[in-house]
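Participant: The following file, query.tsv, comprises TSV, C-alpha atoms:
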```
chain	number	residue	atom	x	y	z
A	9	MET	CA	-21.73	7.83	-17.46
A	10	ALA	CA	-21.97	6.59	-13.89
A	11	LEU	CA	-20.58	9.82	-12.47
A	12	GLY	CA	-23.64	11.68	-13.70
A	13	MET	CA	-23.07	15.31	-14.59
A	14	VAL	CA	-19.27	15.17	-14.64
A	15	ASN	CA	-17.79	14.37	-18.03
A	16	PHE	CA	-14.06	13.58	-18.12
A	17	ASP	CA	-11.90	13.24	-21.19
A	18	ALA	CA	-10.71	9.61	-21.06
A	19	HIS	CA	-7.55	10.42	-23.02
A	20	SER	CA	-6.47	13.17	-20.61
A	21	LEU	CA	-7.30	10.99	-17.61
A	22	SER	CA	-5.18	8.18	-19.05
A	23	PHE	CA	-2.30	10.66	-19.53
A	24	VAL	CA	-2.55	11.82	-15.89
A	25	ILE	CA	-2.62	8.23	-14.64
A	26	ARG	CA	0.48	7.33	-16.68
A	27	TRP	CA	2.25	10.48	-15.51
A	28	VAL	CA	1.59	9.58	-11.84
A	29	HIS	CA	2.79	6.00	-12.50
A	30	VAL	CA	6.04	7.08	-14.19
A	31	PHE	CA	6.72	9.88	-11.68
A	32	SER	CA	6.24	7.55	-8.68
A	33	MET	CA	8.49	4.92	-10.24
A	34	ALA	CA	11.15	7.56	-10.94
A	35	PHE	CA	11.03	8.59	-7.27
A	36	LEU	CA	11.40	4.98	-6.04
A	37	LEU	CA	14.32	4.36	-8.37
A	38	GLY	CA	16.11	7.67	-7.74
A	39	GLY	CA	15.62	7.55	-3.97
A	40	ALA	CA	16.86	3.96	-3.62
A	41	ALA	CA	19.88	4.74	-5.83
A	42	LEU	CA	20.70	7.87	-3.83
A	43	LEU	CA	20.49	6.08	-0.47
A	44	TRP	CA	22.58	3.18	-1.70
A	45	ILE	CA	25.25	5.63	-2.92
A	46	LEU	CA	25.13	7.58	0.38
A	47	PHE	CA	25.55	4.42	2.48
A	48	TRP	CA	28.30	3.19	0.16
A	49	SER	CA	30.15	6.54	0.30
A	50	ALA	CA	29.91	6.69	4.09
A	51	GLN	CA	31.50	3.24	4.44
A	52	SER	CA	35.07	4.57	4.40
A	53	SER	CA	34.50	7.36	6.94
A	54	ARG	CA	32.23	5.90	9.62
A	55	GLN	CA	31.19	8.66	12.06
A	56	PRO	CA	28.17	8.67	14.41
A	57	GLU	CA	27.12	12.00	12.90
A	58	ASN	CA	27.21	10.50	9.38
A	59	ASP	CA	25.07	7.55	10.51
A	60	ARG	CA	22.60	9.95	12.11
A	61	MET	CA	22.30	11.97	8.90
A	62	LEU	CA	21.90	8.81	6.83
A	63	LEU	CA	19.09	7.58	9.07
A	64	VAL	CA	17.31	10.94	8.87
A	65	VAL	CA	17.50	10.87	5.04
A	66	ALA	CA	16.42	7.21	5.02
A	67	GLU	CA	13.42	7.96	7.24
A	68	ARG	CA	12.32	10.79	4.93
A	69	TYR	CA	12.64	8.45	1.95
A	70	GLU	CA	10.50	5.80	3.68
A	71	TRP	CA	7.64	8.29	4.09
A	72	PHE	CA	7.63	9.12	0.36
A	73	PHE	CA	8.44	5.54	-0.64
A	74	TRP	CA	5.08	4.35	0.75
A	75	LEU	CA	3.26	7.27	-0.82
A	76	ALA	CA	4.82	6.31	-4.17
A	77	ILE	CA	3.91	2.61	-3.67
A	78	GLY	CA	0.27	3.55	-3.03
A	79	LEU	CA	0.19	5.79	-6.11
A	80	LEU	CA	1.90	3.10	-8.21
A	81	VAL	CA	-0.66	0.43	-7.27
A	82	MET	CA	-3.56	2.85	-7.82
A	83	SER	CA	-2.30	4.13	-11.19
A	84	GLY	CA	-1.20	0.61	-12.20
A	85	VAL	CA	-4.77	-0.67	-11.87
A	86	GLY	CA	-5.90	2.47	-13.74
A	87	ASN	CA	-3.48	1.64	-16.57
A	88	LEU	CA	-4.86	-1.91	-16.77
A	89	GLY	CA	-8.38	-0.44	-16.77
A	90	ALA	CA	-7.53	1.53	-19.92
A	91	LEU	CA	-7.04	-1.83	-21.68
A	92	GLY	CA	-10.38	-3.17	-20.41
A	93	ASN	CA	-11.59	-6.17	-22.44
A	94	ALA	CA	-8.45	-6.00	-24.57
A	95	LEU	CA	-6.33	-7.08	-21.57
A	96	PRO	CA	-4.39	-10.14	-22.78
A	97	LYS	CA	-5.04	-13.41	-20.88
A	98	ARG	CA	-2.39	-14.83	-18.56
A	99	GLN	CA	-1.61	-17.63	-21.06
A	100	THR	CA	-0.16	-15.05	-23.47
A	101	ALA	CA	3.43	-13.77	-23.19
A	102	TRP	CA	2.11	-10.32	-22.18
A	103	GLY	CA	-0.20	-11.80	-19.54
A	104	GLY	CA	2.60	-13.97	-18.15
A	105	THR	CA	4.95	-10.98	-17.92
A	106	LEU	CA	2.26	-9.08	-16.02
A	107	ILE	CA	2.00	-11.93	-13.47
A	108	VAL	CA	5.80	-11.91	-13.01
A	109	LYS	CA	5.82	-8.11	-12.63
A	110	LEU	CA	3.02	-8.14	-10.04
A	111	SER	CA	4.70	-10.95	-8.11
A	112	LEU	CA	7.90	-8.89	-7.99
A	113	VAL	CA	5.86	-5.92	-6.71
A	114	LEU	CA	4.62	-8.19	-3.87
A	115	ILE	CA	8.22	-9.15	-3.03
A	116	LEU	CA	9.23	-5.46	-3.19
A	117	VAL	CA	6.54	-4.33	-0.73
A	118	VAL	CA	7.19	-7.18	1.73
A	119	PHE	CA	10.96	-6.55	1.85
A	120	SER	CA	10.43	-2.81	1.89
A	121	LEU	CA	8.23	-3.08	4.97
A	122	LEU	CA	11.08	-4.94	6.71
A	123	ARG	CA	13.44	-2.11	5.73
A	124	THR	CA	11.01	0.56	7.00
A	125	LEU	CA	10.44	-1.33	10.28
A	126	LEU	CA	14.18	-1.52	10.80
A	127	ILE	CA	14.64	2.23	10.21
A	128	THR	CA	11.69	2.93	12.54
A	129	HIS	CA	13.15	0.68	15.26
A	130	LEU	CA	16.54	2.39	15.05
A	131	LYS	CA	15.08	5.87	15.26
A	132	ALA	CA	12.56	5.07	17.99
A	133	THR	CA	15.17	3.51	20.25
A	134	GLY	CA	17.75	6.26	19.57
A	135	HIS	CA	20.36	3.95	18.02
A	136	TRP	CA	21.93	6.54	15.75
A	137	ALA	CA	25.34	4.87	15.56
A	138	LEU	CA	25.11	1.76	13.41
A	139	SER	CA	27.29	-1.30	13.82
A	140	THR	CA	29.44	-2.22	10.80
A	141	SER	CA	27.13	-5.12	9.94
A	142	GLY	CA	24.10	-2.85	10.45
A	143	HIS	CA	25.56	-0.29	8.05
A	144	LYS	CA	26.22	-3.03	5.49
A	145	MET	CA	22.71	-4.42	5.98
A	146	LEU	CA	21.04	-1.09	5.27
A	147	GLN	CA	23.34	-0.50	2.30
A	148	GLY	CA	22.35	-3.94	1.04
A	149	ALA	CA	18.65	-3.21	1.68
A	150	TYR	CA	18.73	-0.12	-0.55
A	151	ALA	CA	20.84	-1.92	-3.18
A	152	SER	CA	18.29	-4.77	-3.24
A	153	THR	CA	15.43	-2.28	-3.46
A	154	LEU	CA	17.18	-0.63	-6.40
A	155	LEU	CA	17.74	-3.99	-8.11
A	156	VAL	CA	14.12	-5.13	-7.75
A	157	VAL	CA	12.83	-1.71	-8.88
A	158	VAL	CA	15.08	-1.87	-11.98
A	159	VAL	CA	13.76	-5.37	-12.85
A	160	VAL	CA	10.12	-4.23	-12.31
A	161	LEU	CA	10.82	-1.16	-14.47
A	162	THR	CA	12.31	-3.33	-17.23
A	163	LEU	CA	9.22	-5.59	-17.19
A	164	ALA	CA	6.95	-2.50	-17.19
A	165	LEU	CA	8.76	-1.12	-20.24
A	166	SER	CA	8.42	-4.50	-21.95
A	167	LEU	CA	4.64	-4.47	-21.21
A	168	ALA	CA	4.26	-0.89	-22.45
A	169	HIS	CA	6.24	-1.70	-25.60
A	170	GLY	CA	3.80	-4.54	-26.32
B	12	MET	CA	-5.93	12.02	23.64
B	13	ALA	CA	-2.13	11.99	23.24
B	14	GLU	CA	-0.65	12.36	19.75
B	15	SER	CA	1.52	9.50	18.57
B	16	PRO	CA	5.22	10.38	18.11
B	17	PRO	CA	6.54	10.87	14.52
B	18	THR	CA	8.07	7.40	14.28
B	19	ASP	CA	4.75	5.81	15.19
B	20	ARG	CA	3.13	7.84	12.44
B	21	LEU	CA	5.60	6.38	9.94
B	22	LEU	CA	4.79	2.91	11.26
B	23	VAL	CA	1.04	3.49	10.81
B	24	TRP	CA	1.52	5.06	7.37
B	25	SER	CA	3.81	2.30	6.07
B	26	LEU	CA	1.65	-0.53	7.48
B	27	ALA	CA	-1.58	1.02	6.12
B	28	THR	CA	-0.11	1.47	2.63
B	29	PHE	CA	1.45	-1.99	2.81
B	30	HIS	CA	-1.94	-3.53	3.69
B	31	THR	CA	-3.77	-1.65	0.92
B	32	GLY	CA	-1.08	-2.33	-1.69
B	33	LEU	CA	-0.70	-6.02	-0.78
B	34	PHE	CA	-4.48	-6.59	-0.78
B	35	VAL	CA	-5.12	-4.85	-4.11
B	36	THR	CA	-2.09	-6.43	-5.84
B	37	CYS	CA	-3.09	-9.93	-4.66
B	38	LEU	CA	-6.66	-9.28	-5.84
B	39	VAL	CA	-5.42	-8.16	-9.28
B	40	ILE	CA	-3.19	-11.25	-9.58
B	41	VAL	CA	-6.06	-13.61	-8.64
B	42	LEU	CA	-8.49	-11.91	-11.05
B	43	HIS	CA	-5.93	-11.91	-13.86
B	44	TRP	CA	-5.13	-15.56	-13.14
B	45	ASN	CA	-8.77	-16.65	-13.48
B	46	GLY	CA	-9.30	-14.43	-16.54
B	47	THR	CA	-11.93	-12.04	-15.14
B	48	LEU	CA	-9.79	-8.92	-14.64
B	49	GLY	CA	-10.33	-7.48	-18.13
B	50	ASP	CA	-14.14	-7.78	-17.95
B	51	LEU	CA	-14.25	-6.32	-14.44
B	52	LEU	CA	-12.09	-3.31	-15.33
B	53	HIS	CA	-14.02	-2.81	-18.58
B	54	ASN	CA	-17.25	-2.44	-16.58
B	55	LEU	CA	-15.71	-0.16	-13.96
B	56	ASN	CA	-15.41	3.57	-14.65
B	57	THR	CA	-11.72	4.59	-14.23
B	58	LEU	CA	-12.48	7.57	-11.99
B	59	ILE	CA	-14.72	5.47	-9.76
B	60	GLY	CA	-11.98	2.82	-9.58
B	61	LEU	CA	-9.40	5.42	-8.52
B	62	ALA	CA	-11.83	6.89	-5.97
B	63	LEU	CA	-12.48	3.41	-4.52
B	64	PHE	CA	-8.74	2.85	-4.10
B	65	VAL	CA	-8.35	6.18	-2.30
B	66	VAL	CA	-11.31	5.35	-0.03
B	67	LEU	CA	-9.82	1.94	0.80
B	68	TRP	CA	-6.42	3.55	1.45
B	69	CYS	CA	-7.97	6.13	3.81
B	70	THR	CA	-10.17	3.66	5.73
B	71	THR	CA	-7.22	1.24	6.05
B	72	TRP	CA	-5.00	4.05	7.38
B	73	TRP	CA	-7.65	5.02	9.94
B	74	CYS	CA	-8.25	1.42	11.06
B	75	THR	CA	-4.50	0.68	11.26
B	76	ARG	CA	-4.06	3.80	13.38
B	77	LYS	CA	-6.84	2.68	15.70
B	78	ALA	CA	-5.52	-0.89	15.86
B	79	LEU	CA	-2.04	0.28	16.88
B	80	ARG	CA	-3.22	2.89	19.38
B	81	GLY	CA	-1.87	2.41	22.88
B	82	ILE	CA	0.56	-0.35	22.00
B	83	THR	CA	4.31	-0.12	21.54
B	84	LEU	CA	5.72	-2.24	18.79
B	85	LEU	CA	9.07	-0.58	18.50
B	86	THR	CA	10.96	-1.54	21.64
B	87	PRO	CA	12.04	-5.18	21.91
B	88	ALA	CA	10.39	-5.62	25.33
B	89	GLY	CA	7.19	-4.05	24.12
B	90	LEU	CA	6.62	-6.35	21.17
B	91	LEU	CA	3.11	-7.67	21.57
B	92	PRO	CA	2.40	-11.31	21.88
B	93	SER	CA	1.10	-12.35	18.45
B	94	GLY	CA	-2.32	-13.15	19.92
B	95	GLU	CA	-3.15	-9.52	20.66
B	96	LEU	CA	-1.96	-8.33	17.26
B	97	LEU	CA	-4.12	-11.00	15.61
B	98	SER	CA	-7.25	-10.08	17.59
B	99	ARG	CA	-6.78	-6.37	16.90
B	100	GLY	CA	-6.13	-7.16	13.22
B	101	THR	CA	-9.34	-9.19	12.99
B	102	ALA	CA	-11.50	-6.60	14.75
B	103	TRP	CA	-10.20	-3.54	12.89
B	104	GLY	CA	-10.09	-5.45	9.62
B	105	GLY	CA	-13.80	-6.12	10.13
B	106	VAL	CA	-14.47	-2.44	10.88
B	107	ASN	CA	-12.52	-1.51	7.74
B	108	GLY	CA	-14.71	-3.92	5.75
B	109	ILE	CA	-17.90	-2.23	7.05
B	110	LEU	CA	-16.57	1.29	6.43
B	111	PHE	CA	-15.51	0.45	2.89
B	112	ALA	CA	-18.80	-1.32	2.09
B	113	VAL	CA	-20.93	1.59	3.39
B	114	ILE	CA	-18.86	4.23	1.53
B	115	LEU	CA	-18.93	2.06	-1.61
B	116	PHE	CA	-22.71	1.69	-1.35
B	117	LEU	CA	-23.23	5.40	-0.74
B	118	GLY	CA	-20.86	6.45	-3.53
B	119	LEU	CA	-22.28	4.11	-6.17
B	120	GLY	CA	-25.88	4.75	-5.04
B	121	ILE	CA	-25.54	8.53	-5.13
B	122	SER	CA	-23.73	8.54	-8.49
B	123	SER	CA	-26.43	6.38	-10.08
B	124	THR	CA	-29.41	8.38	-8.73
B	125	ILE	CA	-28.06	11.95	-8.77
B	126	SER	CA	-29.54	12.56	-12.22
B	127	LYS	CA	-33.03	12.05	-10.68
B	128	GLY	CA	-32.54	14.95	-8.26
B	129	LEU	CA	-31.58	15.52	-4.65
B	130	THR	CA	-34.91	14.27	-3.25
B	131	ALA	CA	-34.47	10.92	-4.97
B	132	VAL	CA	-30.94	10.64	-3.53
B	133	LEU	CA	-32.21	11.44	-0.02
B	134	MET	CA	-35.19	9.09	-0.18
B	135	THR	CA	-33.58	6.08	-1.84
B	136	ILE	CA	-29.96	6.27	-0.70
B	137	VAL	CA	-29.23	8.53	2.29
B	138	LEU	CA	-32.24	7.91	4.55
B	139	PRO	CA	-32.22	4.08	4.33
B	140	VAL	CA	-28.46	3.96	5.08
B	141	PRO	CA	-28.89	2.49	8.60
B	142	LEU	CA	-31.00	-0.31	7.14
B	143	TYR	CA	-28.55	-1.08	4.35
B	144	ALA	CA	-25.61	-0.78	6.76
B	145	LEU	CA	-27.21	-3.42	8.98
B	146	PHE	CA	-27.43	-5.93	6.11
B	147	LEU	CA	-24.07	-4.99	4.61
B	148	SER	CA	-22.18	-5.02	7.89
B	149	ILE	CA	-22.32	-8.77	8.54
B	150	PRO	CA	-20.66	-10.00	5.30
B	151	ALA	CA	-18.43	-6.91	5.19
B	152	PHE	CA	-17.20	-7.51	8.76
B	153	PHE	CA	-16.58	-11.17	7.99
B	154	ILE	CA	-14.58	-10.49	4.81
B	155	GLY	CA	-12.69	-7.57	6.40
B	156	GLY	CA	-11.93	-9.67	9.49
B	157	MET	CA	-10.56	-12.52	7.36
B	158	VAL	CA	-8.29	-10.14	5.44
B	159	GLY	CA	-7.36	-8.43	8.72
B	160	VAL	CA	-6.24	-11.65	10.43
B	161	LEU	CA	-4.17	-12.70	7.40
B	162	LEU	CA	-2.46	-9.30	7.29
B	163	ALA	CA	-1.87	-9.43	11.06
B	164	ILE	CA	-0.07	-12.78	10.60
B	165	VAL	CA	2.14	-11.21	7.90
B	166	ASP	CA	2.75	-8.15	10.12
B	167	SER	CA	3.66	-10.29	13.15
B	168	THR	CA	6.11	-12.31	11.08
B	169	LEU	CA	7.76	-9.20	9.61
B	170	LEU	CA	7.91	-7.51	13.02
B	171	ALA	CA	9.61	-10.55	14.51
B	172	ILE	CA	12.17	-10.61	11.67
B	173	SER	CA	12.81	-6.87	11.97
B	174	GLN	CA	13.45	-7.30	15.71
B	175	ARG	CA	16.20	-9.78	14.90
B	176	LEU	CA	17.68	-7.50	12.24
B	177	PHE	CA	17.56	-4.59	14.69
B	178	HIS	CA	19.87	-6.47	17.10
B	179	VAL	CA	22.40	-6.88	14.29
B	180	CYS	CA	22.23	-3.17	13.41
B	181	LYS	CA	22.63	-1.55	16.83
```
Mind converting the file's structure to structure tokens?
Facilitator:
Amino acid sequence: MALGMVNFDAHSLSFVIRWVHVFSMAFLLGGAALLWILFWSAQSSRQPENDRMLLVVAERYEWFFWLAIGLLVMSGVGNLGALGNALPKRQTAWGGTLIVKLSLVLILVVFSLLRTLLITHLKATGHWALSTSGHKMLQGAYASTLLVVVVVLTLALSLAHG
Amino acid sequence: MAESPPTDRLLVWSLATFHTGLFVTCLVIVLHWNGTLGDLLHNLNTLIGLALFVVLWCTTWWCTRKALRGITLLTPAGLLPSGELLSRGTAWGGVNGILFAVILFLGLGISSTISKGLTAVLMTIVLPVPLYALFLSIPAFFIGGMVGVLLAIVDSTLLAISQRLFHVCK
């Protein structure tokens, strides 16, 4: 073994990697759903204090969102590594689904960076009170995040199912 | 040296993770597309693969932090002309390439010679590091710089879009 003296149980390692992958995905999904619901609920009673609280929660989510994305990419490659030579080629249905899933992950990270930059701009410049269109935009951003995450999750389940 | 405010830390953290995630995901797609991903992962120990990702994540965070130091991206008037962001992206991307290559070389070298004892590790891996670093640094800087400039173009585009969205929100 390349690591020399250290001998790890491959089965346990694979379990830990899958656990990290599922846990991170659950966080992304739950957090995006919660923020979408919070923005949606606050629509009817727009108050500067509500907007401020929403932005604070959103900022906290963004910190953990990027942690979860990093862990998802890392554990995702680890999951593929468990397949090794048995990894189906891209011409197969499984391989094609993997390409679609990874492409959606690329779209998710690009649009999520836009969302994070927007939250960062608002906080840094002290714009706690959102305009109506701004409120709708952020609500839409979390709804879109939720939608893409659900599609990625469905494709991931399809890949895991075989 | 002054500490960056909390919002800047989120900017650095999100950009660093974005860069690492985008780079690795694109690499996996390309390797899967040309049919070499399975063989590569088969020959790579899982723990070493995970450790390499963590190293890349850490070096990218450090280089992103350095690249953004002293500049203000968050206020509309302070948005950098794209030229400066591109030059910083190229330079710090190159540094990231060197850091990653040296750590990769040290990690793989030490893990493959550790069974021969500490003296062998010192003589064949640790002591000649400056020599290896010299040879590794040129291609590593070039590759890192290329990736860095591409990511800086993506960053500049997304920053410009987010500026427009910000005006709608406030």
Participant: Could you pull the residues within 7 Å of region 123-126 of chain A, counting all atoms listed in the file, minus those fewer than 3 positions along the same chain, as number ranges by chain?
Facilitator: A: 70, 119-120, 129-130, 149; B: 173, 177
Participant: What separation in Å, quoted to one decimal, exists between CA of Cys74 (chain B) and CA of Trp103 (chain B)?
Facilitator: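 Between these atoms lies a distance of 5.6 Å.
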Participant: Enumerate, in order of chain and increasing residue number, the residues of chain A with an atom no farther than 7 Å from chain B, each with its shortest atom pair and distance in Å to one decimal, counting only C-alpha atoms, as a Markdown table.
Facilitator:
```
| residue | atom | partner | partner_atom | distance |
| --- | --- | --- | --- | --- |
| A:Ala10 | CA | B:Ser123 | CA | 5.9 |
| A:Leu11 | CA | B:Ser122 | CA | 5.2 |
| A:Gly12 | CA | B:Ser122 | CA | 6.1 |
| A:Trp71 | CA | B:Leu21 | CA | 6.5 |
| A:Trp74 | CA | B:Ser25 | CA | 5.8 |
| A:Gly78 | CA | B:Thr28 | CA | 6.0 |
| A:Val81 | CA | B:Gly32 | CA | 6.2 |
| A:Met82 | CA | B:Phe64 | CA | 6.4 |
| A:Gly86 | CA | B:Thr57 | CA | 6.2 |
| A:Gly89 | CA | B:Leu52 | CA | 4.9 |
| A:Gly92 | CA | B:His53 | CA | 4.1 |
| A:Asn93 | CA | B:Gly49 | CA | 4.7 |
| A:Ala94 | CA | B:Gly49 | CA | 6.9 |
| A:Leu95 | CA | B:Gly49 | CA | 5.3 |
| A:Lys97 | CA | B:Gly46 | CA | 6.2 |
| A:Arg98 | CA | B:Trp44 | CA | 6.1 |
| A:Ile107 | CA | B:Ile40 | CA | 6.5 |
| A:Leu110 | CA | B:Thr36 | CA | 6.8 |
| A:Leu114 | CA | B:Leu33 | CA | 6.5 |
| A:Val117 | CA | B:Phe29 | CA | 6.6 |
| A:Leu122 | CA | B:Ser173 | CA | 5.9 |
| A:Leu125 | CA | B:Ser173 | CA | 6.3 |
| A:Leu126 | CA | B:Ser173 | CA | 5.6 |
| A:Thr128 | CA | B:Thr18 | CA | 6.0 |
| A:His129 | CA | B:Leu85 | CA | 5.4 |
| A:Ala132 | CA | B:Thr18 | CA | 6.3 |
| A:Thr133 | CA | B:Thr86 | CA | 6.7 |
| A:His135 | CA | B:Lys181 | CA | 6.1 |
| A:Leu138 | CA | B:Lys181 | CA | 5.4 |
| A:Ser139 | CA | B:Cys180 | CA | 5.4 |
| A:Ser141 | CA | B:Cys180 | CA | 6.3 |
| A:Gly142 | CA | B:Cys180 | CA | 3.5 |
| A:His143 | CA | B:Cys180 | CA | 6.9 |
```
Participant: Please determine, counting all atoms listed in the file, which residue among B:Gly94, B:Gly108, B:Gly156, B:Gly81 has the shortest atom-to-atom distance to Ala144 (chain B).
Facilitator: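 Closest candidate: B:Gly108.
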Participant: What is the CA of Met33 (chain A) to CA of Thr105 (chain A) distance in Å?
Facilitator: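 We find that CA of Met33 (chain A) and CA of Thr105 (chain A) lie 18.0 Å from each other.
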Participant: Can you pull out the residues contacting Leu163 (chain A)? Cut-off 9 Å, using only C-alpha atoms, and skip same-chain residues under 3 positions away; I want them as a VMD selection string.
Facilitator: chain A and resid 105 to 106 108 to 109 158 to 160 166 to 168
Participant: Scan for residues within 6 Å of the point (28.7, 5.0, 15.4) in the coordinates of the file, using all atoms listed in the file, and reply as a PyMOL selection string.
Facilitator: chain A and resi 55-56+137-138
Participant: Counting only C-alpha atoms, figure out which residue out of A:Leu91, A:Ile115, A:Ala66, A:Ser83 gets nearest to Ala40 (chain A).
Facilitator: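 For Ala40 (chain A), the nearest of the candidates is A:Ala66.
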Participant: So, with all atoms listed in the file as the atoms that count, which of B:Leu138, B:Ala78, B:Leu145, B:Cys69 lies closest to Thr101 (chain B)?
Facilitator: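 Between B:Leu138, B:Ala78, B:Leu145, B:Cys69, the residue approaching Thr101 (chain B) most closely is B:Ala78.
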Participant: Could you check how far CA of Val158 (chain B) sits from CA of Leu116 (chain A), in Å to one decimal?
Facilitator: 20.1 Å
Participant: Pick the closest to Val113 (chain B) from B:Lys77, B:Leu67, B:Val132, B:Met157: which is it, counting only C-alpha atoms?
Facilitator: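 Looking only at the distances to Val113 (chain B), the closest residue turns out to be B:Leu67.
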Participant: Kindly compute an axis-aligned box around the listed atoms of region 139-155 of chain A, allowing 8 Å on each side, and express its centre and edge lengths in Å to one decimal as JSON.
Facilitator:
```
{"center_x": 22.4, "center_y": -2.6, "center_z": 2.9, "size_x": 30.0, "size_y": 21.0, "size_z": 37.9}
```
Participant: Taking the block just given, write region 154-167 of chain A to a file that holds N, CA and C atoms, as an mmCIF file, in the first residue's frame.
Facilitator:
```
data_model
loop_
_atom_site.group_PDB
_atom_site.id
_atom_site.type_symbol
_atom_site.label_atom_id
_atom_site.label_comp_id
_atom_site.auth_asym_id
_atom_site.auth_seq_id
_atom_site.Cartn_x
_atom_site.Cartn_y
_atom_site.Cartn_z
ATOM 1 N N LEU A 154 -32.731 25.012 -5.002
ATOM 2 C CA LEU A 154 -33.465 23.825 -4.540
ATOM 3 C C LEU A 154 -33.820 22.912 -5.717
ATOM 4 N N LEU A 155 -34.288 23.531 -6.799
ATOM 5 C CA LEU A 155 -34.702 22.749 -7.977
ATOM 6 C C LEU A 155 -33.507 21.984 -8.570
ATOM 7 N N VAL A 156 -32.391 22.695 -8.759
ATOM 8 C CA VAL A 156 -31.212 22.042 -9.357
ATOM 9 C C VAL A 156 -30.700 20.935 -8.434
ATOM 10 N N VAL A 157 -30.692 21.215 -7.113
ATOM 11 C CA VAL A 157 -30.216 20.202 -6.155
ATOM 12 C C VAL A 157 -31.110 18.958 -6.206
ATOM 13 N N VAL A 158 -32.435 19.166 -6.329
ATOM 14 C CA VAL A 158 -33.364 18.023 -6.402
ATOM 15 C C VAL A 158 -33.084 17.193 -7.669
ATOM 16 N N VAL A 159 -32.840 17.880 -8.799
ATOM 17 C CA VAL A 159 -32.556 17.150 -10.047
ATOM 18 C C VAL A 159 -31.234 16.371 -9.917
ATOM 19 N N VAL A 160 -30.198 17.036 -9.341
ATOM 20 C CA VAL A 160 -28.899 16.360 -9.147
ATOM 21 C C VAL A 160 -29.084 15.152 -8.235
ATOM 22 N N LEU A 161 -29.883 15.340 -7.180
ATOM 23 C CA LEU A 161 -30.129 14.242 -6.226
ATOM 24 C C LEU A 161 -30.845 13.069 -6.910
ATOM 25 N N THR A 162 -31.812 13.397 -7.768
ATOM 26 C CA THR A 162 -32.538 12.342 -8.495
ATOM 27 C C THR A 162 -31.579 11.561 -9.401
ATOM 28 N N LEU A 163 -30.685 12.296 -10.098
ATOM 29 C CA LEU A 163 -29.710 11.627 -10.971
ATOM 30 C C LEU A 163 -28.740 10.780 -10.132
ATOM 31 N N ALA A 164 -28.358 11.316 -8.956
ATOM 32 C CA ALA A 164 -27.434 10.570 -8.075
ATOM 33 C C ALA A 164 -28.077 9.274 -7.598
ATOM 34 N N LEU A 165 -29.367 9.347 -7.265
ATOM 35 C CA LEU A 165 -30.083 8.140 -6.827
ATOM 36 C C LEU A 165 -30.160 7.126 -7.972
ATOM 37 N N SER A 166 -30.391 7.651 -9.178
ATOM 38 C CA SER A 166 -30.470 6.777 -10.346
ATOM 39 C C SER A 166 -29.108 6.087 -10.578
ATOM 40 N N LEU A 167 -28.017 6.837 -10.385
ATOM 41 C CA LEU A 167 -26.658 6.248 -10.546
ATOM 42 C C LEU A 167 -26.387 5.202 -9.454
#
```
